[in-house]
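Q: Sharing a structure below in structure tokens format, with a few things to ask.
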Amino acid sequence: MLKIIEIEARLFVRDRLNSLFALVFPSLLLLVLGAIPALRTPDENFGGQRFIDSYVSALVVFTLAFIGLQRLPAVVATYREKGVLRRLSTTPMHPARLLAGQMVVNFVAVILSVLLLIIVGYVVFGVDLPHHPLGLACAVVLGGAGTFALGLVIAALAPNARSAGGWATVVFMLLMFFGGVYLPRFMLPSAIQAIGSYTPPGVEALQQAWLGTAPDWRHLAIMGLVSLVAGTVAAKTFRWE
Amino acid sequence: MAIIEVRDLGKRYGPRVAVDSVSFEVAEGEIFGVLGPNGAGKTTTVECVSGLRTPDRGTVSVLGRRPADVRESIGVQLQASELPERMRVGEALALFSSFYPSPADWSSRLGLVPHLKAEFGQLSGGLKQRLSIALALIGSPRIAVLDELTTGLDPQARRDTWSVIEEVRSAGVTILLVTHFMEEAERLCDRVAVFRGGRIVALDTPSALVSRVDGATRVRFVPSVALDVSLLEALPEVTSVSSVGEQLVVSGSENLLHAVTSLLARRQVVARQLRVDQVSLDDAYVELTGGRDVEDH
């Protein structure tokens with residue numbers, strides 16, 4: 001199993017464009033936005049905060065949605081389409097291990113990307129370190145699990161890698177919208193803000209854990225429920241070939 | 001002793017019957033060929049033997065057990081199964097080695113060593129096949145299932161692959177070889193099963209299959225003096241006689257040549273431009289499978 005993880009990690013790194021994008025893009029975007037003086041000045045329009053403070057959780061949403069929906073389903077569906085999973089099922093190793101290895105690697109990428117974002121935000125712009133680190137860890141783990149599970153449902157149900165990519169992009173766009181990536185959440189109508197609290201990866205819980213006091217346990221519980229349901233659907237419907 | 005035993009195997013996909021009551025045994029150390037047109041049930045049969053599919057009917061036993069229980073003893077090379085594009089040859093070998101307790105390294109014998117750093121997506125067809133064989137053999141299997149392993153290779157690469165197969169067999173591995181090249185079957189296989197429409201229509205050594213064809217031997221000659229064709233037709237070894245210009249073409253069984261030349265000697269007729277042809281496994285195959293491939297793969 002360690003060998004699988006090692007090789008999946010190498011493949012992840014070798015796919016430079018995607019891996020750099022996943023790891024570095026959120027921090028880069030923060031640097032670009034923070035370079036604009038108006039966005040690093042507290043403003044009533046931004047709910048009394050600086051824009052960049054209110055936006056860090058949206059960048060975590062981006063990381064989770066990008067890795068969980070743009071990378072994971074495409075890789076898994078391609079493995080099936082190319083017969084990689086079928087090839088593995090002739091060995092004593094169950095192909096599920098390959099998917100597990102894939103998830104471990106992607107999850108490590110999520111953690112690295114979020115850590116980098118925290119460090120860049122703190123060092124460059126003095127964004128507070130997470131107020132509730134354990135809460136943020138829970139929000140990232142559960143939000144990530146929910147997003148990954150949605151990605152796996154898509155990989156399970158899509159007939160081939162192409163349509164998996166297409167479907168995943170639609171879901172990716174929606175989650176980014178509700179997660180306040182396109183338009184910051186204070187600009188969204190309250191109904192959409194409310195929806196965003198409950199769609200994976202759960203932007204409200206991320207924001208509360210980072211810059212508020214603690215995440216609302218109900219938001220976390222919803223993420224847990226989403227991952228459980230979507231994970232079960234993916235497992236029940238997954239085809240190995 | 002039979003290392004693979006298939007009894008009354010049946011498998012259908014929805015309404016389509018892929019395999020219908022197929023039975024055969026493979027002895028240890030044998031190269032057993034599976035021949036037949038596309039859609040004849042070859043791949044389904046070997047997939048059942050490899051433990052990839054569960055039969056609807058009948059039993060398959062490998063080393064006396066269910067195929068799924070002896071995966072580590074079966075090395076499989078699948079038709080159309082690939083590896084991740086960017087995985088390197090060396091990584092694929094290392095990954096698959098980690099699945100088995102005592103991995104075997106075929107990479108140097110298969111000429112893969114200079115390509116260990118190459119990525120799968122950049123390999124030529126021949127190298128992909130060689131890697132695929134190396135991965136099938138990596139677990140030191142007692143049985144190797146090779147499905148259409150030389151399809152898509154150029155003639156030189158095909159011959160190279162054949163010598164690899166012979167080497168594998170001399171290492172004591174039993175081989176189940178799916179192919180649609182007669183030359184390949186004739187060269188490598190101890191016995192072949194010819195599939196058609198989900199059934200085995202013939203199972204024998206390649207040479208026995210050939211001799212089973214009516215008129216397997218053909219003798220052509222120009223007689224020095226006119227010869228009564230009915231004398232030839234009366235011979236038990238002869239199945240047919242025809243004349244092309246002054247040349248006579250006599251078809252019949254294996255002992256045809258002796259029978260014809262003795263008759264000519266008795267009649268003091270000299271056979272000029274004498275030629276003997278043997279039908280090939282190709283002809284036998286066409287006759288057994290009823291000609292054209294059924295394209296419903």
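So you can find residues: chains in the structure tokens are A, B, ... in the order shown, residues in each start at 1, and ligands are numbered from 1 in order.
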For Ala171 in chain B, list every protein, DNA or RNA residue within 12 Å, evaluated using only C-alpha atoms, and leave out those in the same chain fewer than 2 positions away; present the list as a list of chain:residue names.
A: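 Here the qualifying residues turn out to be B:Glu28, B:Gly29, B:Glu30, B:Ala104, B:Trp106, B:Leu137, B:Ser140, B:Pro141, B:Arg142, B:Ile143, B:Ala144, B:Val164, B:Ile165, B:Glu166, B:Glu167, B:Val168, B:Arg169, B:Val173, B:Thr174, B:Ile175.
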Q: Going by DSSP on the backbone, which residues of range 7-236 of chain A come out as helix (DSSP H, G or I)? List them as an NGL selection string.
A: :A and (7-14 or 16-34 or 37-40 or 44-46 or 51-81 or 84-88 or 96-125 or 133-157 or 161-178 or 185-187 or 190-198 or 203-211 or 217-236)
Q: What residues in chain A have any atom no more than 10 Å from chain B when counting only C-alpha atoms, and can you write them as a ChimeraX atom specification?
A: /A:1-8,10-12,14-15,75,78-94
Q: Take CA of Glu241 in chain A and CA of Glu184 in chain B and report the distance between them in Å, one decimal.
A: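 CA of Glu184 in chain B lies at a distance of 29.3 Å from CA of Glu241 in chain A.
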Q: Can you work out the spacing between CA of Ala157 in chain B and CA of Cys189 in chain B in Å, to one decimal?
A: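 We find that CA of Ala157 in chain B and CA of Cys189 in chain B lie 18.5 Å from each other.
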Q: Need to verify the contact set: range 279-281 of chain B, 10 Å, only C-alpha atoms, exclusion of same-chain residues closer than 2 positions in sequence. Can you return it as a PyMOL selection string?
A: chain B and resi 181-183+185-186+206-211+213-218+277+283-287
Q: Put those residues in a file: C-alpha atoms, as a PDB file, in the first residue's frame.
A:
```pdb
ATOM      1  CA  PHE B 181      -2.632 -15.723 -35.956  1.00  0.00           C
ATOM      2  CA  MET B 182      -2.387 -19.269 -37.253  1.00  0.00           C
ATOM      3  CA  GLU B 183       1.339 -18.974 -37.755  1.00  0.00           C
ATOM      4  CA  ALA B 185      -0.462 -21.076 -32.974  1.00  0.00           C
ATOM      5  CA  GLU B 186       1.374 -23.457 -35.277  1.00  0.00           C
ATOM      6  CA  PRO B 206      -1.994 -28.107 -34.734  1.00  0.00           C
ATOM      7  CA  SER B 207      -0.789 -30.890 -37.050  1.00  0.00           C
ATOM      8  CA  ALA B 208      -3.740 -33.128 -36.209  1.00  0.00           C
ATOM      9  CA  LEU B 209      -6.122 -30.267 -36.984  1.00  0.00           C
ATOM     10  CA  VAL B 210      -4.463 -29.859 -40.349  1.00  0.00           C
ATOM     11  CA  SER B 211      -4.661 -33.519 -41.249  1.00  0.00           C
ATOM     12  CA  VAL B 213      -9.114 -31.356 -43.274  1.00  0.00           C
ATOM     13  CA  ASP B 214     -10.355 -33.296 -46.310  1.00  0.00           C
ATOM     14  CA  GLY B 215      -7.817 -33.189 -49.086  1.00  0.00           C
ATOM     15  CA  ALA B 216      -5.137 -32.008 -46.705  1.00  0.00           C
ATOM     16  CA  THR B 217      -2.452 -33.114 -49.137  1.00  0.00           C
ATOM     17  CA  ARG B 218      -2.398 -32.134 -52.782  1.00  0.00           C
ATOM     18  CA  ASP B 277       1.349 -29.154 -51.168  1.00  0.00           C
ATOM     19  CA  ASP B 283      -6.892 -23.566 -44.293  1.00  0.00           C
ATOM     20  CA  ALA B 284      -7.896 -25.860 -41.458  1.00  0.00           C
ATOM     21  CA  TYR B 285      -8.982 -22.868 -39.413  1.00  0.00           C
ATOM     22  CA  VAL B 286     -11.062 -21.378 -42.204  1.00  0.00           C
ATOM     23  CA  GLU B 287     -12.794 -24.700 -42.694  1.00  0.00           C
TER      24      GLU B 287
END
```
Q: List the neighbours of Leu131 in chain B out to 8 Å using only C-alpha atoms; skip same-chain residues closer than 4 positions along the sequence, and give me the result as an MDAnalysis selection string.
A: chainID B and resid 89 107 110 112 127 135
Q: Find the spatial neighbours of range 158-165 of chain A, counting only C-alpha atoms, within a cut-off of 7 Å - ignore same-chain residues fewer than 2 positions away - and output them as a VMD selection string.
A: chain A and resid 73 to 74 77 to 78 81 154 to 156 167 to 169
Q: Could you write out the selected residues, including N, CA and C atoms, as a PDB file, in the first residue's frame?
A:
```
ATOM      1  N   PRO A  73     -12.134  12.939 -10.010  1.00  0.00           N
ATOM      2  CA  PRO A  73     -12.995  12.164 -10.911  1.00  0.00           C
ATOM      3  C   PRO A  73     -12.326  11.884 -12.258  1.00  0.00           C
ATOM      4  N   ALA A  74     -11.549  12.846 -12.752  1.00  0.00           N
ATOM      5  CA  ALA A  74     -10.902  12.647 -14.053  1.00  0.00           C
ATOM      6  C   ALA A  74      -9.911  11.489 -13.967  1.00  0.00           C
ATOM      7  N   ALA A  77     -11.873   8.103 -13.435  1.00  0.00           N
ATOM      8  CA  ALA A  77     -12.587   7.660 -14.637  1.00  0.00           C
ATOM      9  C   ALA A  77     -11.606   7.233 -15.725  1.00  0.00           C
ATOM     10  N   THR A  78     -10.461   7.909 -15.799  1.00  0.00           N
ATOM     11  CA  THR A  78      -9.455   7.515 -16.789  1.00  0.00           C
ATOM     12  C   THR A  78      -8.868   6.150 -16.437  1.00  0.00           C
ATOM     13  N   GLU A  81     -11.400   3.744 -17.626  1.00  0.00           N
ATOM     14  CA  GLU A  81     -11.513   3.701 -19.079  1.00  0.00           C
ATOM     15  C   GLU A  81     -10.315   3.015 -19.733  1.00  0.00           C
ATOM     16  N   ILE A 154     -19.526  11.158  -9.250  1.00  0.00           N
ATOM     17  CA  ILE A 154     -19.453  11.508 -10.671  1.00  0.00           C
ATOM     18  C   ILE A 154     -18.627  10.471 -11.423  1.00  0.00           C
ATOM     19  N   ALA A 155     -17.471  10.102 -10.858  1.00  0.00           N
ATOM     20  CA  ALA A 155     -16.620   9.103 -11.520  1.00  0.00           C
ATOM     21  C   ALA A 155     -17.349   7.771 -11.651  1.00  0.00           C
ATOM     22  N   ALA A 156     -18.192   7.453 -10.656  1.00  0.00           N
ATOM     23  CA  ALA A 156     -18.897   6.174 -10.690  1.00  0.00           C
ATOM     24  C   ALA A 156     -20.000   6.179 -11.740  1.00  0.00           C
ATOM     25  N   TRP A 167     -19.316  16.722 -16.305  1.00  0.00           N
ATOM     26  CA  TRP A 167     -20.220  16.791 -15.144  1.00  0.00           C
ATOM     27  C   TRP A 167     -19.515  17.440 -13.961  1.00  0.00           C
ATOM     28  N   ALA A 168     -18.259  17.022 -13.754  1.00  0.00           N
ATOM     29  CA  ALA A 168     -17.526  17.525 -12.593  1.00  0.00           C
ATOM     30  C   ALA A 168     -17.340  19.031 -12.697  1.00  0.00           C
ATOM     31  N   THR A 169     -17.139  19.533 -13.909  1.00  0.00           N
ATOM     32  CA  THR A 169     -16.945  20.972 -14.068  1.00  0.00           C
ATOM     33  C   THR A 169     -18.207  21.740 -13.685  1.00  0.00           C
TER      34      THR A 169
END
```
Q: Rounded to one decimal, what separation in Å do you get between CA of Gly151 in chain A and CA of Leu129 in chain A?
A: 29.8 Å
Q: Which residues come within 10 Å of Val226 in chain A, counting only C-alpha atoms, excluding same-chain residues fewer than 4 positions away, as a short mmCIF file (atom, residue, chain, number, x, y, z; two decimals) with C-alpha atoms, in the first residue's frame?
A:
```
data_model
loop_
_atom_site.label_atom_id
_atom_site.label_comp_id
_atom_site.auth_asym_id
_atom_site.auth_seq_id
_atom_site.Cartn_x
_atom_site.Cartn_y
_atom_site.Cartn_z
CA LEU A 142 -15.25 16.89 6.53
CA GLY A 143 -15.62 19.45 3.74
CA ALA A 145 -14.56 14.28 2.39
CA GLY A 146 -17.88 15.67 1.12
CA THR A 147 -16.31 17.16 -1.99
CA ALA A 149 -17.27 11.86 -2.29
CA LEU A 150 -19.21 13.99 -4.81
CA TYR A 198 -24.56 23.69 3.65
CA THR A 199 -23.03 22.78 0.27
CA PRO A 200 -19.65 21.11 0.36
CA PRO A 201 -17.02 22.01 1.24
CA LEU A 220 -19.89 20.15 10.16
CA ALA A 221 -22.51 17.47 10.70
CA ILE A 222 -24.07 18.26 7.32
CA ALA A 230 -22.32 10.37 -1.47
CA GLY A 231 -19.61 7.91 -0.43
CA THR A 232 -22.16 5.12 -0.14
#
```
Q: Just asking: which residues within range 28-237 of chain B are strand (DSSP E or B) according to DSSP, as a PyMOL selection string?
A: chain B and resi 31-35+57-62+65+74-77+88+119+143-147+174-178+191-196+199-204+217-223
Q: Would you put the residues from that selection into a file with N, CA and C atoms, as a tab-separated table (two decimals), in the first residue's frame?
A:
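Dumped to out.tsv:
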```tsv
chain	number	residue	atom	x	y	z
B	31	ILE	N	1.66	-25.24	-23.71
B	31	ILE	CA	1.17	-23.99	-24.28
B	31	ILE	C	-0.12	-24.34	-24.99
B	32	PHE	N	-1.22	-23.82	-24.45
B	32	PHE	CA	-2.54	-24.17	-24.96
B	32	PHE	C	-3.08	-22.97	-25.72
B	33	GLY	N	-3.38	-23.17	-27.00
B	33	GLY	CA	-3.85	-22.06	-27.83
B	33	GLY	C	-5.36	-21.97	-27.84
B	34	VAL	N	-5.87	-20.75	-27.83
B	34	VAL	CA	-7.31	-20.52	-27.96
B	34	VAL	C	-7.49	-19.70	-29.23
B	35	LEU	N	-8.09	-20.32	-30.23
B	35	LEU	CA	-8.24	-19.68	-31.55
B	35	LEU	C	-9.72	-19.43	-31.82
B	57	ARG	N	-22.54	-20.74	-15.55
B	57	ARG	CA	-22.78	-22.17	-15.53
B	57	ARG	C	-21.42	-22.88	-15.58
B	58	GLY	N	-21.38	-24.10	-15.05
B	58	GLY	CA	-20.16	-24.89	-15.16
B	58	GLY	C	-19.12	-24.51	-14.12
B	59	THR	N	-17.99	-25.18	-14.19
B	59	THR	CA	-16.95	-24.92	-13.21
B	59	THR	C	-15.61	-24.66	-13.89
B	60	VAL	N	-14.81	-23.82	-13.23
B	60	VAL	CA	-13.45	-23.58	-13.69
B	60	VAL	C	-12.56	-23.84	-12.50
B	61	SER	N	-11.59	-24.73	-12.63
B	61	SER	CA	-10.66	-24.86	-11.52
B	61	SER	C	-9.23	-24.72	-12.02
B	62	VAL	N	-8.46	-23.97	-11.26
B	62	VAL	CA	-7.07	-23.72	-11.59
B	62	VAL	C	-6.25	-24.19	-10.40
B	65	ARG	N	-8.30	-25.22	-7.54
B	65	ARG	CA	-9.09	-24.30	-6.73
B	65	ARG	C	-9.82	-23.29	-7.61
B	74	ILE	N	-1.56	-16.88	-11.06
B	74	ILE	CA	-1.94	-16.65	-12.46
B	74	ILE	C	-1.44	-15.28	-12.88
B	75	GLY	N	-0.62	-15.24	-13.93
B	75	GLY	CA	-0.19	-13.96	-14.47
B	75	GLY	C	-1.02	-13.67	-15.70
B	76	VAL	N	-1.57	-12.46	-15.77
B	76	VAL	CA	-2.50	-12.18	-16.85
B	76	VAL	C	-2.03	-11.00	-17.68
B	77	GLN	N	-2.06	-11.17	-18.99
B	77	GLN	CA	-1.80	-10.06	-19.90
B	77	GLN	C	-3.10	-9.83	-20.63
B	88	ARG	N	6.14	5.61	-15.19
B	88	ARG	CA	7.34	5.13	-15.87
B	88	ARG	C	7.41	3.61	-15.82
B	119	GLU	N	8.05	7.00	-19.96
B	119	GLU	CA	6.68	6.99	-19.48
B	119	GLU	C	5.82	6.11	-20.39
B	143	ILE	N	0.95	-20.14	-14.08
B	143	ILE	CA	0.16	-20.09	-15.30
B	143	ILE	C	0.18	-18.66	-15.83
B	144	ALA	N	0.43	-18.52	-17.13
B	144	ALA	CA	0.35	-17.19	-17.73
B	144	ALA	C	-0.78	-17.20	-18.76
B	145	VAL	N	-1.68	-16.22	-18.64
B	145	VAL	CA	-2.77	-16.08	-19.61
B	145	VAL	C	-2.43	-14.88	-20.48
B	146	LEU	N	-2.22	-15.12	-21.76
B	146	LEU	CA	-1.79	-14.06	-22.65
B	146	LEU	C	-2.85	-13.86	-23.73
B	147	ASP	N	-3.51	-12.72	-23.71
B	147	ASP	CA	-4.64	-12.48	-24.62
B	147	ASP	C	-4.20	-11.59	-25.78
B	174	THR	N	3.01	-22.75	-17.43
B	174	THR	CA	1.95	-23.19	-18.33
B	174	THR	C	1.32	-21.96	-18.97
B	175	ILE	N	1.06	-22.01	-20.27
B	175	ILE	CA	0.59	-20.80	-20.96
B	175	ILE	C	-0.73	-21.04	-21.67
B	176	LEU	N	-1.66	-20.12	-21.43
B	176	LEU	CA	-2.92	-20.11	-22.15
B	176	LEU	C	-2.84	-18.92	-23.09
B	177	LEU	N	-2.81	-19.21	-24.39
B	177	LEU	CA	-2.50	-18.18	-25.38
B	177	LEU	C	-3.68	-17.94	-26.30
B	178	VAL	N	-4.26	-16.73	-26.23
B	178	VAL	CA	-5.35	-16.39	-27.14
B	178	VAL	C	-4.74	-15.72	-28.35
B	191	ARG	N	-1.28	-27.68	-28.10
B	191	ARG	CA	-2.63	-28.03	-28.54
B	191	ARG	C	-3.40	-26.73	-28.72
B	192	VAL	N	-4.39	-26.76	-29.59
B	192	VAL	CA	-5.23	-25.58	-29.73
B	192	VAL	C	-6.70	-25.97	-29.66
B	193	ALA	N	-7.49	-25.06	-29.11
B	193	ALA	CA	-8.94	-25.21	-29.12
B	193	ALA	C	-9.46	-24.15	-30.08
B	194	VAL	N	-10.25	-24.57	-31.04
B	194	VAL	CA	-10.82	-23.62	-31.99
B	194	VAL	C	-12.24	-23.29	-31.54
B	195	PHE	N	-12.48	-22.01	-31.29
B	195	PHE	CA	-13.79	-21.56	-30.83
B	195	PHE	C	-14.61	-21.04	-32.00
B	196	ARG	N	-15.90	-21.26	-31.92
B	196	ARG	CA	-16.81	-20.68	-32.88
B	196	ARG	C	-18.18	-20.56	-32.23
B	199	ARG	N	-18.59	-21.93	-28.67
B	199	ARG	CA	-18.30	-23.34	-28.40
B	199	ARG	C	-16.93	-23.72	-28.95
B	200	ILE	N	-16.41	-24.85	-28.46
B	200	ILE	CA	-15.18	-25.37	-29.05
B	200	ILE	C	-15.58	-26.30	-30.18
B	201	VAL	N	-15.12	-25.99	-31.41
B	201	VAL	CA	-15.47	-26.85	-32.53
B	201	VAL	C	-14.37	-27.87	-32.84
B	202	ALA	N	-13.18	-27.64	-32.32
B	202	ALA	CA	-12.10	-28.61	-32.52
B	202	ALA	C	-11.06	-28.40	-31.45
B	203	LEU	N	-10.46	-29.48	-30.99
B	203	LEU	CA	-9.42	-29.37	-29.96
B	203	LEU	C	-8.39	-30.46	-30.24
B	204	ASP	N	-7.20	-30.04	-30.66
B	204	ASP	CA	-6.20	-31.03	-31.01
B	204	ASP	C	-4.85	-30.35	-31.18
B	217	THR	N	-3.65	-33.05	-48.30
B	217	THR	CA	-2.45	-33.11	-49.14
B	217	THR	C	-2.87	-33.02	-50.60
B	218	ARG	N	-2.05	-32.31	-51.38
B	218	ARG	CA	-2.40	-32.13	-52.78
B	218	ARG	C	-1.16	-32.48	-53.62
B	219	VAL	N	-1.33	-33.36	-54.59
B	219	VAL	CA	-0.22	-33.73	-55.46
B	219	VAL	C	-0.54	-33.25	-56.88
B	220	ARG	N	0.39	-32.50	-57.47
B	220	ARG	CA	0.19	-32.03	-58.85
B	220	ARG	C	1.29	-32.59	-59.73
B	221	PHE	N	0.93	-33.02	-60.90
B	221	PHE	CA	1.96	-33.50	-61.84
B	221	PHE	C	1.38	-33.52	-63.25
B	222	VAL	N	2.31	-33.62	-64.21
B	222	VAL	CA	1.91	-33.81	-65.61
B	222	VAL	C	2.32	-35.24	-65.98
B	223	PRO	N	1.36	-36.11	-66.26
B	223	PRO	CA	1.73	-37.51	-66.58
B	223	PRO	C	2.42	-37.57	-67.95
```
Q: Compile the contact shell of Asp216 in chain A as a short mmCIF file (atom, residue, chain, number, x, y, z; two decimals) with C-alpha atoms, in the first residue's frame: residues with an atom at most 9 Å away, counting only C-alpha atoms, same-chain residues fewer than 5 positions apart removed.
A:
```cif
data_model
loop_
_atom_site.label_atom_id
_atom_site.label_comp_id
_atom_site.auth_asym_id
_atom_site.auth_seq_id
_atom_site.Cartn_x
_atom_site.Cartn_y
_atom_site.Cartn_z
CA GLU A 204 -19.24 29.02 6.59
CA ALA A 205 -17.59 26.44 8.85
CA GLN A 208 -15.88 30.57 11.39
CA ALA A 209 -13.04 28.25 12.36
CA ALA A 221 -22.51 17.47 10.70
#
```
Q: Nearest to Ser170 in chain B among B:Asn255, B:Thr205, B:Val241, B:Leu188, with distances taken over only C-alpha atoms: which residue is it?
A: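 Comparing B:Asn255, B:Thr205, B:Val241, B:Leu188 against Ser170 in chain B, the winner is B:Leu188.
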